[in-house]
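Below is run_34.pdb, which holds PDB, C-alpha atoms.
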ATOM      1  CA  MET A   1     -17.348  -9.695  -5.427  1.00  0.00           C
ATOM      2  CA  PRO A   2     -13.810 -10.947  -5.931  1.00  0.00           C
ATOM      3  CA  ARG A   3     -11.023  -9.788  -3.707  1.00  0.00           C
ATOM      4  CA  PHE A   4      -8.888  -6.857  -4.806  1.00  0.00           C
ATOM      5  CA  ALA A   5      -5.124  -7.214  -4.606  1.00  0.00           C
ATOM      6  CA  GLN A   6      -2.234  -5.148  -5.850  1.00  0.00           C
ATOM      7  CA  HIS A   7       1.503  -4.831  -5.521  1.00  0.00           C
ATOM      8  CA  THR A   8       2.950  -1.324  -5.710  1.00  0.00           C
ATOM      9  CA  ARG A   9       6.562  -0.284  -6.171  1.00  0.00           C
ATOM     10  CA  LEU A  10       7.519   3.183  -4.969  1.00  0.00           C
ATOM     11  CA  ILE A  11      10.793   5.033  -5.304  1.00  0.00           C
ATOM     12  CA  ALA A  12      11.544   7.177  -2.271  1.00  0.00           C
ATOM     13  CA  ALA A  13      13.059  10.610  -2.574  1.00  0.00           C
ATOM     14  CA  PRO A  14      16.825  10.298  -2.029  1.00  0.00           C
ATOM     15  CA  GLY A  15      17.602   9.407   1.555  1.00  0.00           C
ATOM     16  CA  ARG A  16      13.915   9.177   2.567  1.00  0.00           C
ATOM     17  CA  ARG A  17      13.235   5.445   2.262  1.00  0.00           C
ATOM     18  CA  ALA A  18      12.976   4.956   6.030  1.00  0.00           C
ATOM     19  CA  GLU A  19      10.423   7.788   6.214  1.00  0.00           C
ATOM     20  CA  LEU A  20       8.419   6.259   3.357  1.00  0.00           C
ATOM     21  CA  VAL A  21       8.428   2.859   5.058  1.00  0.00           C
ATOM     22  CA  ALA A  22       7.277   4.468   8.320  1.00  0.00           C
ATOM     23  CA  LYS A  23       4.547   6.341   6.433  1.00  0.00           C
ATOM     24  CA  PHE A  24       3.176   3.131   4.919  1.00  0.00           C
ATOM     25  CA  LEU A  25       3.326   1.400   8.290  1.00  0.00           C
ATOM     26  CA  GLU A  26       1.077   4.251   9.513  1.00  0.00           C
ATOM     27  CA  ALA A  27      -1.366   3.405   6.714  1.00  0.00           C
ATOM     28  CA  ALA A  28      -1.362  -0.229   7.822  1.00  0.00           C
ATOM     29  CA  GLU A  29      -2.121   0.907  11.364  1.00  0.00           C
ATOM     30  CA  ILE A  30      -4.994   3.089  10.115  1.00  0.00           C
ATOM     31  CA  GLN A  31      -6.473  -0.008   8.448  1.00  0.00           C
ATOM     32  CA  ARG A  32      -5.805  -2.406  11.352  1.00  0.00           C
ATOM     33  CA  ALA A  33      -9.432  -2.371  12.539  1.00  0.00           C
ATOM     34  CA  ASN A  34     -10.861  -2.450   9.001  1.00  0.00           C
ATOM     35  CA  PRO A  35     -11.933  -6.062   8.304  1.00  0.00           C
ATOM     36  CA  ALA A  36     -12.019  -5.338   4.550  1.00  0.00           C
ATOM     37  CA  CYS A  37      -8.228  -4.891   4.616  1.00  0.00           C
ATOM     38  CA  GLU A  38      -7.004  -8.483   4.698  1.00  0.00           C
ATOM     39  CA  LEU A  39      -3.316  -7.818   4.119  1.00  0.00           C
ATOM     40  CA  MET A  40      -1.117  -4.748   3.945  1.00  0.00           C
ATOM     41  CA  LEU A  41       2.538  -5.668   3.688  1.00  0.00           C
ATOM     42  CA  VAL A  42       5.298  -3.044   3.542  1.00  0.00           C
ATOM     43  CA  SER A  43       8.717  -4.215   2.386  1.00  0.00           C
ATOM     44  CA  THR A  44      12.013  -3.036   0.958  1.00  0.00           C
ATOM     45  CA  GLU A  45      14.392  -4.463  -1.618  1.00  0.00           C
ATOM     46  CA  PRO A  46      17.892  -5.374  -0.445  1.00  0.00           C
ATOM     47  CA  GLY A  47      20.450  -3.430  -2.416  1.00  0.00           C
ATOM     48  CA  ALA A  48      17.916  -0.863  -3.680  1.00  0.00           C
ATOM     49  CA  ALA A  49      18.377   2.073  -1.340  1.00  0.00           C
ATOM     50  CA  ASP A  50      15.206   3.916  -2.326  1.00  0.00           C
ATOM     51  CA  THR A  51      12.720   1.165  -3.272  1.00  0.00           C
ATOM     52  CA  VAL A  52       9.654   0.379  -1.149  1.00  0.00           C
ATOM     53  CA  TYR A  53       6.893  -2.117  -1.912  1.00  0.00           C
ATOM     54  CA  LEU A  54       3.306  -2.196  -0.701  1.00  0.00           C
ATOM     55  CA  THR A  55       1.284  -5.373  -1.177  1.00  0.00           C
ATOM     56  CA  GLU A  56      -2.420  -5.193  -0.390  1.00  0.00           C
ATOM     57  CA  VAL A  57      -5.350  -7.607  -0.318  1.00  0.00           C
ATOM     58  CA  TRP A  58      -8.860  -6.274   0.220  1.00  0.00           C
ATOM     59  CA  SER A  59     -12.232  -7.977   0.415  1.00  0.00           C
ATOM     60  CA  SER A  60     -13.253  -6.114  -2.768  1.00  0.00           C
ATOM     61  CA  GLU A  61     -12.182  -3.273  -5.026  1.00  0.00           C
ATOM     62  CA  ASP A  62     -15.060  -1.196  -3.652  1.00  0.00           C
ATOM     63  CA  ALA A  63     -13.770  -1.656  -0.090  1.00  0.00           C
ATOM     64  CA  TRP A  64     -10.285  -0.599  -1.210  1.00  0.00           C
ATOM     65  CA  ALA A  65     -11.693   2.490  -2.968  1.00  0.00           C
ATOM     66  CA  GLN A  66     -13.740   3.469   0.085  1.00  0.00           C
ATOM     67  CA  ALA A  67     -10.679   3.191   2.314  1.00  0.00           C
ATOM     68  CA  ARG A  68      -8.531   5.126  -0.175  1.00  0.00           C
ATOM     69  CA  ASP A  69     -11.118   7.913  -0.323  1.00  0.00           C
ATOM     70  CA  SER A  70     -11.662   8.078   3.449  1.00  0.00           C
ATOM     71  CA  ALA A  71     -10.842  11.253   5.371  1.00  0.00           C
ATOM     72  CA  ALA A  72      -8.187   9.416   7.402  1.00  0.00           C
ATOM     73  CA  ILE A  73      -6.283   8.232   4.331  1.00  0.00           C
ATOM     74  CA  GLN A  74      -6.686  11.543   2.516  1.00  0.00           C
ATOM     75  CA  ALA A  75      -5.108  13.312   5.504  1.00  0.00           C
ATOM     76  CA  TRP A  76      -2.408  10.630   5.688  1.00  0.00           C
ATOM     77  CA  ALA A  77      -1.587  11.061   1.980  1.00  0.00           C
ATOM     78  CA  ALA A  78      -1.063  14.828   2.170  1.00  0.00           C
ATOM     79  CA  SER A  79       2.667  14.507   2.897  1.00  0.00           C
ATOM     80  CA  MET A  80       3.352  11.726   0.388  1.00  0.00           C
ATOM     81  CA  PRO A  81       4.586  13.910  -2.521  1.00  0.00           C
ATOM     82  CA  ALA A  82       7.644  14.973  -0.525  1.00  0.00           C
ATOM     83  CA  LEU A  83       8.578  11.346   0.194  1.00  0.00           C
ATOM     84  CA  VAL A  84       8.491   9.915  -3.320  1.00  0.00           C
ATOM     85  CA  ASN A  85      10.682  10.531  -6.328  1.00  0.00           C
ATOM     86  CA  ALA A  86       8.409   9.071  -9.023  1.00  0.00           C
ATOM     87  CA  PRO A  87       4.797   8.031  -9.514  1.00  0.00           C
ATOM     88  CA  PRO A  88       3.949   4.642  -7.966  1.00  0.00           C
ATOM     89  CA  GLU A  89       3.953   1.589 -10.215  1.00  0.00           C
ATOM     90  CA  SER A  90       0.987  -0.627  -9.270  1.00  0.00           C
ATOM     91  CA  THR A  91       0.232  -4.079 -10.604  1.00  0.00           C
ATOM     92  CA  ARG A  92      -3.212  -5.515 -10.040  1.00  0.00           C
ATOM     93  CA  LEU A  93      -3.169  -9.138  -8.940  1.00  0.00           C
ATOM     94  CA  ASP A  94      -5.687 -11.954  -9.376  1.00  0.00           C
ATOM     95  CA  LEU A  95      -5.361 -14.137  -6.306  1.00  0.00           C
ATOM     96  CA  ALA A  96      -5.083 -17.834  -7.041  1.00  0.00           C
ATOM     97  CA  GLY A  97      -4.702 -19.048  -3.439  1.00  0.00           C
ATOM     98  CA  GLY A  98      -1.960 -19.982  -1.055  1.00  0.00           C
ATOM     99  CA  LYS A  99      -1.189 -19.810   2.634  1.00  0.00           C
ATOM    100  CA  GLY A 100      -2.052 -16.818   4.797  1.00  0.00           C
ATOM    101  CA  LEU A 101      -5.449 -15.694   3.557  1.00  0.00           C
ATOM    102  CA  SER A 102      -8.664 -17.413   4.473  1.00  0.00           C
TER     103      SER A 102
END
Let's see the structure in the file written out as structure tokens.
Amino acid sequence: MPRFAQHTRLIAAPGRRAELVAKFLEAAEIQRANPACELMLVSTEPGAADTVYLTEVWSSEDAWAQARDSAAIQAWAASMPALVNAPPESTRLDLAGGKGLS
């Protein structure tokens, strides 16, 4: 199976970007011991006070779906609606290669 990768742009509720960043860092910590999660990068955009990005690489789309549907992530996601101001915008990526992933 090919790897699954996506880049997601989220708009935080006004004044809640730091909370949204912290929330996604929690998700990265939840996945730390999951070998199927190869990369989970949380970042912000300079000059965009409410924008947060999440970039993910997984061993497969099935592994990503299993993690997304897990009890730990479902519990984690319960407070997300209060932190975001719009639906996430996700772009699926086809990895071509580069430095950082084996």
(message) My list of candidates is A:Lys23, A:Arg17, A:Arg92, A:Arg32. Which is closest to Thr51 in chain A when distances are computed with all atoms listed in the file?
(response) A:Arg17
(request) May I ask which of the residues A:Val21, A:Ala36, A:Ala96, A:Ala27 is the closest one to Trp64 in chain A, counting all atoms listed in the file? (result) A:Ala36
Apply the PyMOL selection byres ((chain A and resi 80-86) around 8) to the file shown and report the selected residues as a tab-separated table (two decimals) with C-alpha atoms, keeping the file's coordinate frame.
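As written to disk, selection-v8.tsv reads:
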chain	number	residue	atom	x	y	z
A	10	LEU	CA	7.52	3.18	-4.97
A	11	ILE	CA	10.79	5.03	-5.30
A	12	ALA	CA	11.54	7.18	-2.27
A	13	ALA	CA	13.06	10.61	-2.57
A	14	PRO	CA	16.82	10.30	-2.03
A	16	ARG	CA	13.92	9.18	2.57
A	17	ARG	CA	13.24	5.44	2.26
A	19	GLU	CA	10.42	7.79	6.21
A	20	LEU	CA	8.42	6.26	3.36
A	76	TRP	CA	-2.41	10.63	5.69
A	77	ALA	CA	-1.59	11.06	1.98
A	78	ALA	CA	-1.06	14.83	2.17
A	79	SER	CA	2.67	14.51	2.90
A	87	PRO	CA	4.80	8.03	-9.51
A	88	PRO	CA	3.95	4.64	-7.97
(message) Translate the PyMOL selection byres ((chain A and resi 61) around 9) into a concrete residue list for this structure, as a PyMOL selection string.
(response) chain A and resi 1-5+58-60+62-66
Take the residues that were just selected and, keeping C-alpha atoms, output them as a CSV table (one decimal), in the frame of the given file.
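The result, stored in result.csv:
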chain,number,residue,atom,x,y,z
A,1,MET,CA,-17.3,-9.7,-5.4
A,2,PRO,CA,-13.8,-10.9,-5.9
A,3,ARG,CA,-11.0,-9.8,-3.7
A,4,PHE,CA,-8.9,-6.9,-4.8
A,5,ALA,CA,-5.1,-7.2,-4.6
A,58,TRP,CA,-8.9,-6.3,0.2
A,59,SER,CA,-12.2,-8.0,0.4
A,60,SER,CA,-13.3,-6.1,-2.8
A,62,ASP,CA,-15.1,-1.2,-3.7
A,63,ALA,CA,-13.8,-1.7,-0.1
A,64,TRP,CA,-10.3,-0.6,-1.2
A,65,ALA,CA,-11.7,2.5,-3.0
A,66,GLN,CA,-13.7,3.5,0.1
Going by the chain IDs and residue numbers used in this file, which residues fall under the PyMOL selection byres ((chain A and resi 72) around 12)? Write them as a PDB file with C-alpha atoms, in the frame of the given file.
ATOM      1  CA  GLU A  26       1.077   4.251   9.513  1.00  0.00           C
ATOM      2  CA  ALA A  27      -1.366   3.405   6.714  1.00  0.00           C
ATOM      3  CA  ALA A  28      -1.362  -0.229   7.822  1.00  0.00           C
ATOM      4  CA  GLU A  29      -2.121   0.907  11.364  1.00  0.00           C
ATOM      5  CA  ILE A  30      -4.994   3.089  10.115  1.00  0.00           C
ATOM      6  CA  GLN A  31      -6.473  -0.008   8.448  1.00  0.00           C
ATOM      7  CA  GLN A  66     -13.740   3.469   0.085  1.00  0.00           C
ATOM      8  CA  ALA A  67     -10.679   3.191   2.314  1.00  0.00           C
ATOM      9  CA  ARG A  68      -8.531   5.126  -0.175  1.00  0.00           C
ATOM     10  CA  ASP A  69     -11.118   7.913  -0.323  1.00  0.00           C
ATOM     11  CA  SER A  70     -11.662   8.078   3.449  1.00  0.00           C
ATOM     12  CA  ALA A  71     -10.842  11.253   5.371  1.00  0.00           C
ATOM     13  CA  ILE A  73      -6.283   8.232   4.331  1.00  0.00           C
ATOM     14  CA  GLN A  74      -6.686  11.543   2.516  1.00  0.00           C
ATOM     15  CA  ALA A  75      -5.108  13.312   5.504  1.00  0.00           C
ATOM     16  CA  TRP A  76      -2.408  10.630   5.688  1.00  0.00           C
ATOM     17  CA  ALA A  77      -1.587  11.061   1.980  1.00  0.00           C
ATOM     18  CA  ALA A  78      -1.063  14.828   2.170  1.00  0.00           C
TER      19      ALA A  78
END
Expected axis-aligned box over every listed atom of range 26-40 of chain A, 4 Å added per side, centre plus edges in Å to one decimal, as JSON:
{"center_x": -5.5, "center_y": -2.1, "center_z": 8.2, "size_x": 21.1, "size_y": 20.7, "size_z": 16.6}
(message) Taking 3 positions as the minimum chain separation for residues in the same chain, which residues sit within 10 Å of Gln6 in chain A when counting all atoms listed in the file? Answer as a PyMOL selection string.
(response) chain A and resi 40+54-58+90-95
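Across the model, the gap from CA of Tyr53 in chain A to CA of Leu101 in chain A is 19.1 Å.
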(request) Go ahead and compute the interatomic distance for CA of Thr44 in chain A and CA of Gly100 in chain A, in Å to one decimal. (result)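 Distance between the two atoms: 20.1 Å.
Proximity to Val42 in chain A was assessed for A:Gly15, A:Glu89, A:Thr8, A:Ser102 counting all atoms listed in the file; the smallest distance is recorded for A:Thr8.
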(request) Please measure the separation of CA of Glu38 in chain A and CA of Val52 in chain A, giving the value in Å to one decimal. (result)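 A separation of 19.8 Å between them.
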Missing atoms in range 56-67 of chain A: can you complete it with all heavy atoms, as an mmCIF file, keeping the file's coordinate frame?
data_model
loop_
_atom_site.group_PDB
_atom_site.id
_atom_site.type_symbol
_atom_site.label_atom_id
_atom_site.label_comp_id
_atom_site.auth_asym_id
_atom_site.auth_seq_id
_atom_site.Cartn_x
_atom_site.Cartn_y
_atom_site.Cartn_z
ATOM 1 N N GLU A 56 -1.126 -5.313 -1.057
ATOM 2 C CA GLU A 56 -2.420 -5.193 -0.390
ATOM 3 C C GLU A 56 -3.389 -6.259 -0.890
ATOM 4 O O GLU A 56 -3.411 -6.571 -2.076
ATOM 5 C CB GLU A 56 -3.074 -3.849 -0.698
ATOM 6 C CG GLU A 56 -2.259 -2.642 -0.339
ATOM 7 C CD GLU A 56 -2.907 -1.384 -0.856
ATOM 8 O OE1 GLU A 56 -3.797 -0.843 -0.177
ATOM 9 O OE2 GLU A 56 -2.529 -0.948 -1.970
ATOM 10 N N VAL A 57 -4.219 -6.757 0.026
ATOM 11 C CA VAL A 57 -5.350 -7.607 -0.318
ATOM 12 C C VAL A 57 -6.553 -7.059 0.431
ATOM 13 O O VAL A 57 -6.498 -6.853 1.643
ATOM 14 C CB VAL A 57 -5.113 -9.088 0.063
ATOM 15 C CG1 VAL A 57 -6.356 -9.921 -0.251
ATOM 16 C CG2 VAL A 57 -3.890 -9.646 -0.658
ATOM 17 N N TRP A 58 -7.620 -6.820 -0.328
ATOM 18 C CA TRP A 58 -8.860 -6.274 0.220
ATOM 19 C C TRP A 58 -10.014 -7.201 -0.125
ATOM 20 O O TRP A 58 -9.961 -7.930 -1.112
ATOM 21 C CB TRP A 58 -9.118 -4.883 -0.384
ATOM 22 C CG TRP A 58 -8.129 -3.874 0.077
ATOM 23 C CD1 TRP A 58 -6.873 -3.665 -0.409
ATOM 24 C CD2 TRP A 58 -8.295 -2.947 1.139
ATOM 25 N NE1 TRP A 58 -6.247 -2.669 0.284
ATOM 26 C CE2 TRP A 58 -7.105 -2.199 1.245
ATOM 27 C CE3 TRP A 58 -9.339 -2.668 2.015
ATOM 28 C CZ2 TRP A 58 -6.934 -1.200 2.192
ATOM 29 C CZ3 TRP A 58 -9.168 -1.664 2.948
ATOM 30 C CH2 TRP A 58 -7.981 -0.946 3.038
ATOM 31 N N SER A 59 -11.063 -7.124 0.656
ATOM 32 C CA SER A 59 -12.232 -7.977 0.415
ATOM 33 C C SER A 59 -12.872 -7.697 -0.937
ATOM 34 O O SER A 59 -13.481 -8.581 -1.531
ATOM 35 C CB SER A 59 -13.257 -7.817 1.540
ATOM 36 O OG SER A 59 -13.714 -6.470 1.601
ATOM 37 N N SER A 60 -12.727 -6.478 -1.446
ATOM 38 C CA SER A 60 -13.253 -6.114 -2.768
ATOM 39 C C SER A 60 -12.597 -4.822 -3.232
ATOM 40 O O SER A 60 -12.026 -4.077 -2.423
ATOM 41 C CB SER A 60 -14.769 -5.921 -2.723
ATOM 42 O OG SER A 60 -15.087 -4.755 -1.986
ATOM 43 N N GLU A 61 -12.715 -4.529 -4.506
ATOM 44 C CA GLU A 61 -12.182 -3.273 -5.026
ATOM 45 C C GLU A 61 -12.955 -2.089 -4.458
ATOM 46 O O GLU A 61 -12.387 -1.027 -4.192
ATOM 47 C CB GLU A 61 -12.210 -3.247 -6.549
ATOM 48 C CG GLU A 61 -11.487 -2.052 -7.123
ATOM 49 C CD GLU A 61 -11.259 -2.137 -8.619
ATOM 50 O OE1 GLU A 61 -11.675 -3.124 -9.246
ATOM 51 O OE2 GLU A 61 -10.644 -1.192 -9.157
ATOM 52 N N ASP A 62 -14.259 -2.268 -4.252
ATOM 53 C CA ASP A 62 -15.060 -1.196 -3.652
ATOM 54 C C ASP A 62 -14.574 -0.862 -2.244
ATOM 55 O O ASP A 62 -14.482 0.308 -1.871
ATOM 56 C CB ASP A 62 -16.541 -1.572 -3.602
ATOM 57 C CG ASP A 62 -17.207 -1.535 -4.968
ATOM 58 O OD1 ASP A 62 -16.635 -0.936 -5.906
ATOM 59 O OD2 ASP A 62 -18.305 -2.107 -5.097
ATOM 60 N N ALA A 63 -14.260 -1.885 -1.451
ATOM 61 C CA ALA A 63 -13.770 -1.656 -0.090
ATOM 62 C C ALA A 63 -12.442 -0.913 -0.119
ATOM 63 O O ALA A 63 -12.197 -0.012 0.686
ATOM 64 C CB ALA A 63 -13.631 -2.983 0.654
ATOM 65 N N TRP A 64 -11.569 -1.292 -1.059
ATOM 66 C CA TRP A 64 -10.285 -0.599 -1.210
ATOM 67 C C TRP A 64 -10.507 0.866 -1.582
ATOM 68 O O TRP A 64 -9.887 1.761 -1.011
ATOM 69 C CB TRP A 64 -9.445 -1.320 -2.267
ATOM 70 C CG TRP A 64 -8.235 -0.561 -2.693
ATOM 71 C CD1 TRP A 64 -7.052 -0.456 -2.012
ATOM 72 C CD2 TRP A 64 -8.077 0.206 -3.888
ATOM 73 N NE1 TRP A 64 -6.171 0.329 -2.722
ATOM 74 C CE2 TRP A 64 -6.778 0.743 -3.891
ATOM 75 C CE3 TRP A 64 -8.908 0.477 -4.969
ATOM 76 C CZ2 TRP A 64 -6.296 1.546 -4.915
ATOM 77 C CZ3 TRP A 64 -8.426 1.276 -5.995
ATOM 78 C CH2 TRP A 64 -7.127 1.796 -5.960
ATOM 79 N N ALA A 65 -11.417 1.118 -2.527
ATOM 80 C CA ALA A 65 -11.693 2.490 -2.968
ATOM 81 C C ALA A 65 -12.278 3.321 -1.836
ATOM 82 O O ALA A 65 -11.916 4.498 -1.667
ATOM 83 C CB ALA A 65 -12.636 2.478 -4.170
ATOM 84 N N GLN A 66 -13.165 2.735 -1.051
ATOM 85 C CA GLN A 66 -13.740 3.469 0.085
ATOM 86 C C GLN A 66 -12.665 3.831 1.094
ATOM 87 O O GLN A 66 -12.647 4.947 1.619
ATOM 88 C CB GLN A 66 -14.837 2.636 0.755
ATOM 89 C CG GLN A 66 -16.102 2.552 -0.057
ATOM 90 C CD GLN A 66 -17.132 1.636 0.577
ATOM 91 O OE1 GLN A 66 -16.909 1.054 1.641
ATOM 92 N NE2 GLN A 66 -18.260 1.486 -0.077
ATOM 93 N N ALA A 67 -11.771 2.906 1.373
ATOM 94 C CA ALA A 67 -10.679 3.191 2.314
ATOM 95 C C ALA A 67 -9.752 4.261 1.751
ATOM 96 O O ALA A 67 -9.358 5.195 2.456
ATOM 97 C CB ALA A 67 -9.908 1.912 2.620
#
